[in-house]
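Undergrad: structure-v3.txt (compact mmCIF, C-alpha atoms) pasted underneath:
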```
# COMPACT_ATOMS: atom_id res chain seq x y z
CA LEU A 155 -85.63 -26.49 -8.73
CA VAL A 156 -85.41 -25.64 -12.42
CA SER A 157 -82.76 -26.24 -15.03
CA ALA A 158 -81.47 -24.04 -17.84
CA THR A 159 -82.09 -27.03 -20.12
CA SER A 160 -85.79 -26.20 -19.78
CA LEU A 161 -85.44 -22.82 -21.50
CA HIS A 162 -86.29 -23.99 -25.03
CA ALA A 163 -89.33 -26.02 -23.97
CA THR A 164 -90.54 -23.18 -21.73
CA LEU A 165 -90.26 -20.51 -24.43
CA CYS A 166 -92.09 -22.73 -26.92
CA ASP A 167 -94.79 -23.44 -24.35
CA LEU A 168 -95.26 -19.74 -23.56
CA ALA A 169 -95.40 -18.94 -27.29
CA GLY A 170 -97.92 -21.70 -27.98
CA VAL A 171 -95.53 -23.59 -30.23
CA ASP A 172 -95.66 -27.38 -30.15
CA LEU A 173 -92.37 -29.13 -29.67
CA PRO A 174 -91.75 -32.13 -31.89
CA PRO A 175 -91.33 -35.45 -30.06
CA ASP A 176 -87.74 -35.74 -28.93
CA ARG A 177 -86.76 -38.59 -26.63
CA TRP A 178 -83.46 -36.87 -25.84
CA ARG A 179 -84.91 -33.55 -24.70
CA ALA A 180 -83.02 -32.55 -21.60
CA GLY A 181 -85.53 -30.09 -20.14
CA GLU A 182 -89.26 -29.77 -19.68
CA SER A 183 -91.34 -26.60 -19.73
CA VAL A 184 -91.54 -24.66 -16.47
CA ALA A 185 -94.16 -22.23 -17.84
CA ASP A 186 -96.69 -23.21 -15.15
CA LEU A 187 -94.14 -22.32 -12.48
CA LEU A 188 -93.35 -18.96 -14.11
CA LEU A 189 -97.05 -18.13 -14.49
CA GLY A 190 -97.82 -19.02 -10.86
CA ARG A 191 -100.06 -21.99 -11.70
CA THR A 192 -97.85 -24.21 -9.54
CA ASP A 193 -95.20 -23.70 -6.93
CA GLN A 194 -93.51 -27.03 -7.65
CA GLY A 195 -90.26 -27.24 -9.53
CA ALA A 196 -88.41 -30.42 -10.37
CA GLU A 197 -87.66 -33.05 -7.73
CA ALA A 198 -84.04 -32.96 -8.83
CA VAL A 199 -81.94 -31.28 -11.49
CA VAL A 200 -79.29 -33.02 -13.53
CA VAL A 201 -76.28 -30.95 -14.47
CA THR A 202 -75.41 -32.20 -17.91
CA SER A 203 -71.84 -32.20 -19.09
CA GLU A 204 -70.27 -34.58 -21.51
CA TYR A 205 -66.71 -33.47 -20.87
CA GLY A 206 -65.79 -36.84 -19.56
CA GLY A 207 -66.98 -39.38 -17.08
CA ALA A 208 -68.72 -37.33 -14.41
CA ARG A 209 -72.43 -36.59 -13.98
CA LEU A 210 -74.12 -34.55 -11.27
CA VAL A 211 -77.64 -34.44 -9.82
CA THR A 212 -78.92 -32.19 -7.05
CA ASP A 213 -82.20 -32.11 -5.17
CA GLY A 214 -81.42 -28.71 -3.67
CA ARG A 215 -79.96 -30.03 -0.46
CA TRP A 216 -77.77 -32.86 -1.72
CA ALA A 217 -75.34 -32.88 -4.64
CA TYR A 218 -74.21 -36.24 -5.98
CA VAL A 219 -71.46 -36.74 -8.56
CA HIS A 220 -71.28 -40.11 -10.27
CA ARG A 221 -68.02 -40.94 -12.02
CA HIS A 222 -67.47 -43.48 -14.78
CA HIS A 223 -63.98 -44.12 -13.40
CA GLY A 224 -63.04 -43.04 -9.92
CA LEU A 225 -64.83 -42.25 -6.72
CA ASP A 226 -68.33 -40.79 -6.54
CA GLU A 227 -68.99 -37.74 -4.38
CA LEU A 228 -71.89 -36.68 -2.14
CA TYR A 229 -72.27 -33.30 -0.45
CA ASP A 230 -74.88 -31.95 1.97
CA HIS A 231 -75.41 -28.31 1.02
CA ALA A 232 -77.40 -27.70 4.22
CA THR A 233 -74.31 -28.27 6.37
CA ASP A 234 -71.52 -28.00 3.78
CA PRO A 235 -72.37 -25.44 1.06
CA GLN A 236 -68.71 -25.23 -0.01
CA GLU A 237 -68.58 -29.00 -0.65
CA ARG A 238 -65.58 -29.67 1.54
CA THR A 239 -66.74 -32.96 3.10
CA ASP A 240 -67.46 -35.84 0.74
CA LEU A 241 -70.05 -38.15 2.30
CA ALA A 242 -70.33 -40.71 -0.52
CA ALA A 243 -68.49 -43.45 1.37
CA ASP A 244 -70.24 -42.75 4.69
CA PRO A 245 -72.67 -45.62 5.46
CA ALA A 246 -74.96 -43.15 7.25
CA HIS A 247 -75.66 -41.49 3.89
CA ALA A 248 -75.88 -44.60 1.70
CA ALA A 249 -79.66 -44.28 1.20
CA THR A 250 -79.32 -40.66 0.01
CA ARG A 251 -76.44 -41.56 -2.30
CA ASP A 252 -78.36 -44.51 -3.76
CA ARG A 253 -81.55 -42.46 -4.22
CA LEU A 254 -79.69 -39.74 -6.12
CA ARG A 255 -77.82 -42.27 -8.23
CA ARG A 256 -81.16 -43.86 -9.21
CA LEU A 257 -82.53 -40.43 -10.15
CA LEU A 258 -79.46 -39.79 -12.28
CA GLU A 259 -79.68 -43.17 -14.02
CA GLU A 260 -83.43 -42.75 -14.63
CA TRP A 261 -82.87 -39.30 -16.14
CA TYR A 262 -80.16 -40.50 -18.54
CA ALA A 263 -81.83 -43.80 -19.51
CA PRO A 264 -84.25 -42.39 -22.13
CA ARG A 265 -81.94 -39.57 -23.25
CA GLU A 266 -78.46 -40.97 -23.66
CA ARG A 267 -77.20 -41.55 -27.18
CA ALA A 268 -74.14 -43.73 -27.55
CA ASP A 269 -73.13 -41.88 -30.73
CA ALA A 270 -73.00 -38.51 -28.95
CA SER A 271 -71.89 -39.38 -25.44
CA ALA A 272 -68.51 -38.89 -23.86
CA TRP A 273 -69.50 -41.01 -20.87
CA GLY A 274 -66.68 -43.43 -20.39
CA ARG A 275 -64.28 -41.62 -22.74
CA HIS A 276 -61.23 -39.68 -21.68
CA VAL A 277 -62.31 -36.08 -22.22
CA THR A 278 -60.67 -33.56 -19.96
CA GLY A 279 -61.95 -30.08 -20.71
CA PHE A 280 -60.18 -29.18 -23.91
CA GLY A 281 -62.25 -31.71 -25.83
CA GLN A 282 -65.79 -31.63 -27.10
CA VAL A 283 -68.22 -34.16 -28.47
CA HIS A 284 -68.90 -33.75 -32.18
CA PRO A 285 -71.89 -35.62 -33.61
CA VAL A 286 -70.98 -38.88 -35.27
CA HIS A 287 -72.78 -37.79 -38.47
CA ARG A 288 -69.94 -35.34 -39.07
CA GLY A 289 -67.64 -38.30 -39.55
CA ARG A 290 -65.00 -37.37 -36.99
CA PRO A 291 -62.90 -40.20 -35.60
CA ASP A 292 -62.19 -40.11 -31.87
CA HIS A 293 -58.67 -38.75 -32.28
CA GLU A 294 -60.11 -35.65 -33.99
CA THR A 295 -63.20 -35.40 -31.81
CA TYR A 296 -61.80 -35.70 -28.31
CA ALA A 297 -58.86 -33.72 -27.03
CA SER A 298 -56.94 -34.80 -23.98
CA ASP A 299 -54.61 -33.02 -21.59
CA HIS A 300 -51.75 -34.13 -23.82
CA ALA A 301 -53.23 -32.73 -27.03
CA PRO A 302 -52.62 -29.18 -28.22
CA HIS A 303 -55.05 -26.68 -26.74
CA ARG A 304 -56.10 -25.66 -30.23
CA LEU A 305 -57.69 -27.93 -32.79
CA VAL A 306 -56.86 -27.08 -36.39
CA ARG A 307 -59.83 -27.11 -38.73
CA PRO A 308 -59.07 -28.68 -42.11
CA PRO A 309 -60.11 -26.44 -45.02
CA GLY A 310 -63.58 -27.13 -46.36
CA ARG A 311 -64.65 -29.15 -43.31
CA ASP A 312 -67.80 -28.17 -41.39
CA TRP A 313 -67.25 -28.48 -37.67
```
The structure in this file should be written as structure tokens.
TA:
Amino acid sequence: LVSATSLHATLCDLAGVDLPPDRWRAGESVADLLLGRTDQGAEAVVVTSEYGGARLVTDGRWAYVHRHHGLDELYDHATDPQERTDLAADPAHAATRDRLRRLLEEWYAPRERADASAWGRHVTGFGQVHPVHRGRPDHETYASDHAPHRLVRPPGRDW
């Protein structure tokens, strides 16, 4: 497994450019995999999206969605590639669900920034997180289903 979030680190690695320390870096270099020095990818890949309270991790076979509010989801891609049967509440799959949730929590723990996270906020697809250093209050930063589909940019403001 590899993630598109590894692209920057991989290109820098291949070019011999050192990356500055960054505790929030989402991806790690996969140069060794591309160059055939290893055949191991990641144990699991986190699909990052801050459009609201849902996070996903997959280990290739299983896909687990953790929700800030609402029910979590678990799908077995070996038997259900179209994700039609949610197994999250099935006691027979509790160990898999818990393992993937731990992986997800461990991935986010060193990376999450409260000032740039929509986790736990009502963001529904028309919204986007703007860095707090730009001084945007929530009502200008996050759009909801009830907001206009177009945000108007005030003159002279850098978005």
Undergrad: Just want the 6 Å neighbourhood of Ser183 (chain A), counted on only C-alpha atoms, with same-chain residues fewer than 5 positions away dropped. Output as a list of chain:residue names.
TA: A:Ser160, A:Ala163, A:Thr164
Undergrad: Counting only C-alpha atoms, which of A:Trp216, A:Thr239, A:Glu266, A:Gly195 gets nearest to Asp176 (chain A)?
TA: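 Of all the options, A:Glu266 lies closest to Asp176 (chain A).
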Undergrad: Between CA of Trp261 (chain A) and CA of Ala242 (chain A), what is the distance in Å, rounded to a tenth?
TA: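 Computing it gives 20.1 Å between the two atoms.
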Undergrad: Of the candidates A:Gly207, A:Arg238, A:Asp244, A:Arg253, which one gets nearest to His223 (chain A) if we count only C-alpha atoms?
TA: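 Among the listed residues, A:Gly207 lies closest to His223 (chain A).
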Undergrad: Check the smallest atom-to-atom distance from each of A:Ala232, A:Leu161, A:Leu155, A:Asp213 to Asp193 (chain A) using only C-alpha atoms, then report the winner.
TA: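 Looking at the shortest contact to Asp193 (chain A), the residue is A:Leu155.
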Undergrad: Considering all atoms listed in the file, return as a list in words whatever protein or nucleic-acid residues lie within 7 Å of Ala217 (chain A), sequence-local ones (same chain, fewer than 6 positions apart) excluded.
TA: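 Neighbouring residues, sequence-local ones excluded: Leu210, Val211, Leu228, Tyr229 and Asp230 of chain A.
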Undergrad: Keeping only C-alpha atoms, take the residues you just selected and write them out as a PDB file, keeping the file's coordinate frame.
TA:
```
ATOM      1  CA  LEU A 210     -74.120 -34.550 -11.270  1.00  0.00           C
ATOM      2  CA  VAL A 211     -77.640 -34.440  -9.820  1.00  0.00           C
ATOM      3  CA  LEU A 228     -71.890 -36.680  -2.140  1.00  0.00           C
ATOM      4  CA  TYR A 229     -72.270 -33.300  -0.450  1.00  0.00           C
ATOM      5  CA  ASP A 230     -74.880 -31.950   1.970  1.00  0.00           C
TER       6      ASP A 230
END
```
Undergrad: Report the distance between CA of Pro235 (chain A) and CA of Gly214 (chain A) in Å, rounded to one decimal place.
TA: 10.7 Å
Undergrad: To one decimal in Å, tell me the separation between CA of Val199 (chain A) and CA of Val171 (chain A).
TA: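 So the answer is 24.4 Å.
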Undergrad: Using all atoms listed in the file for the distances, tell me which of A:Gly274, A:Leu241, A:His231, A:Thr212 is nearest to Leu258 (chain A).
TA: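 The closest residue to Leu258 (chain A) is A:Thr212.
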Undergrad: Ranking A:Ala248, A:Ala196, A:Leu225, A:Ser157 by minimum distance to Ala180 (chain A) and counting all atoms listed in the file, which one comes first?
TA: A:Ser157
Undergrad: Which one is closest to Pro174 (chain A): A:Arg251, A:His220, A:His162, A:Arg256? Count all atoms listed in the file.
TA: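 Selected residue with least distance to Pro174 (chain A): A:His162.
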Undergrad: Within 10 Å of Tyr262 (chain A), counting all atoms listed in the file, which residues qualify if same-chain residues fewer than 5 places away don't, as an MDAnalysis selection string?
TA: chainID A and resid 178 180 200 202 209 256:257 267
Undergrad: For the residues in the current selection, export C-alpha atoms as an mmCIF file, in the coordinates of the input.
TA:
```cif
data_model
loop_
_atom_site.group_PDB
_atom_site.id
_atom_site.type_symbol
_atom_site.label_atom_id
_atom_site.label_comp_id
_atom_site.auth_asym_id
_atom_site.auth_seq_id
_atom_site.Cartn_x
_atom_site.Cartn_y
_atom_site.Cartn_z
ATOM 1 C CA TRP A 178 -83.460 -36.870 -25.840
ATOM 2 C CA ALA A 180 -83.020 -32.550 -21.600
ATOM 3 C CA VAL A 200 -79.290 -33.020 -13.530
ATOM 4 C CA THR A 202 -75.410 -32.200 -17.910
ATOM 5 C CA ARG A 209 -72.430 -36.590 -13.980
ATOM 6 C CA ARG A 256 -81.160 -43.860 -9.210
ATOM 7 C CA LEU A 257 -82.530 -40.430 -10.150
ATOM 8 C CA ARG A 267 -77.200 -41.550 -27.180
#
```
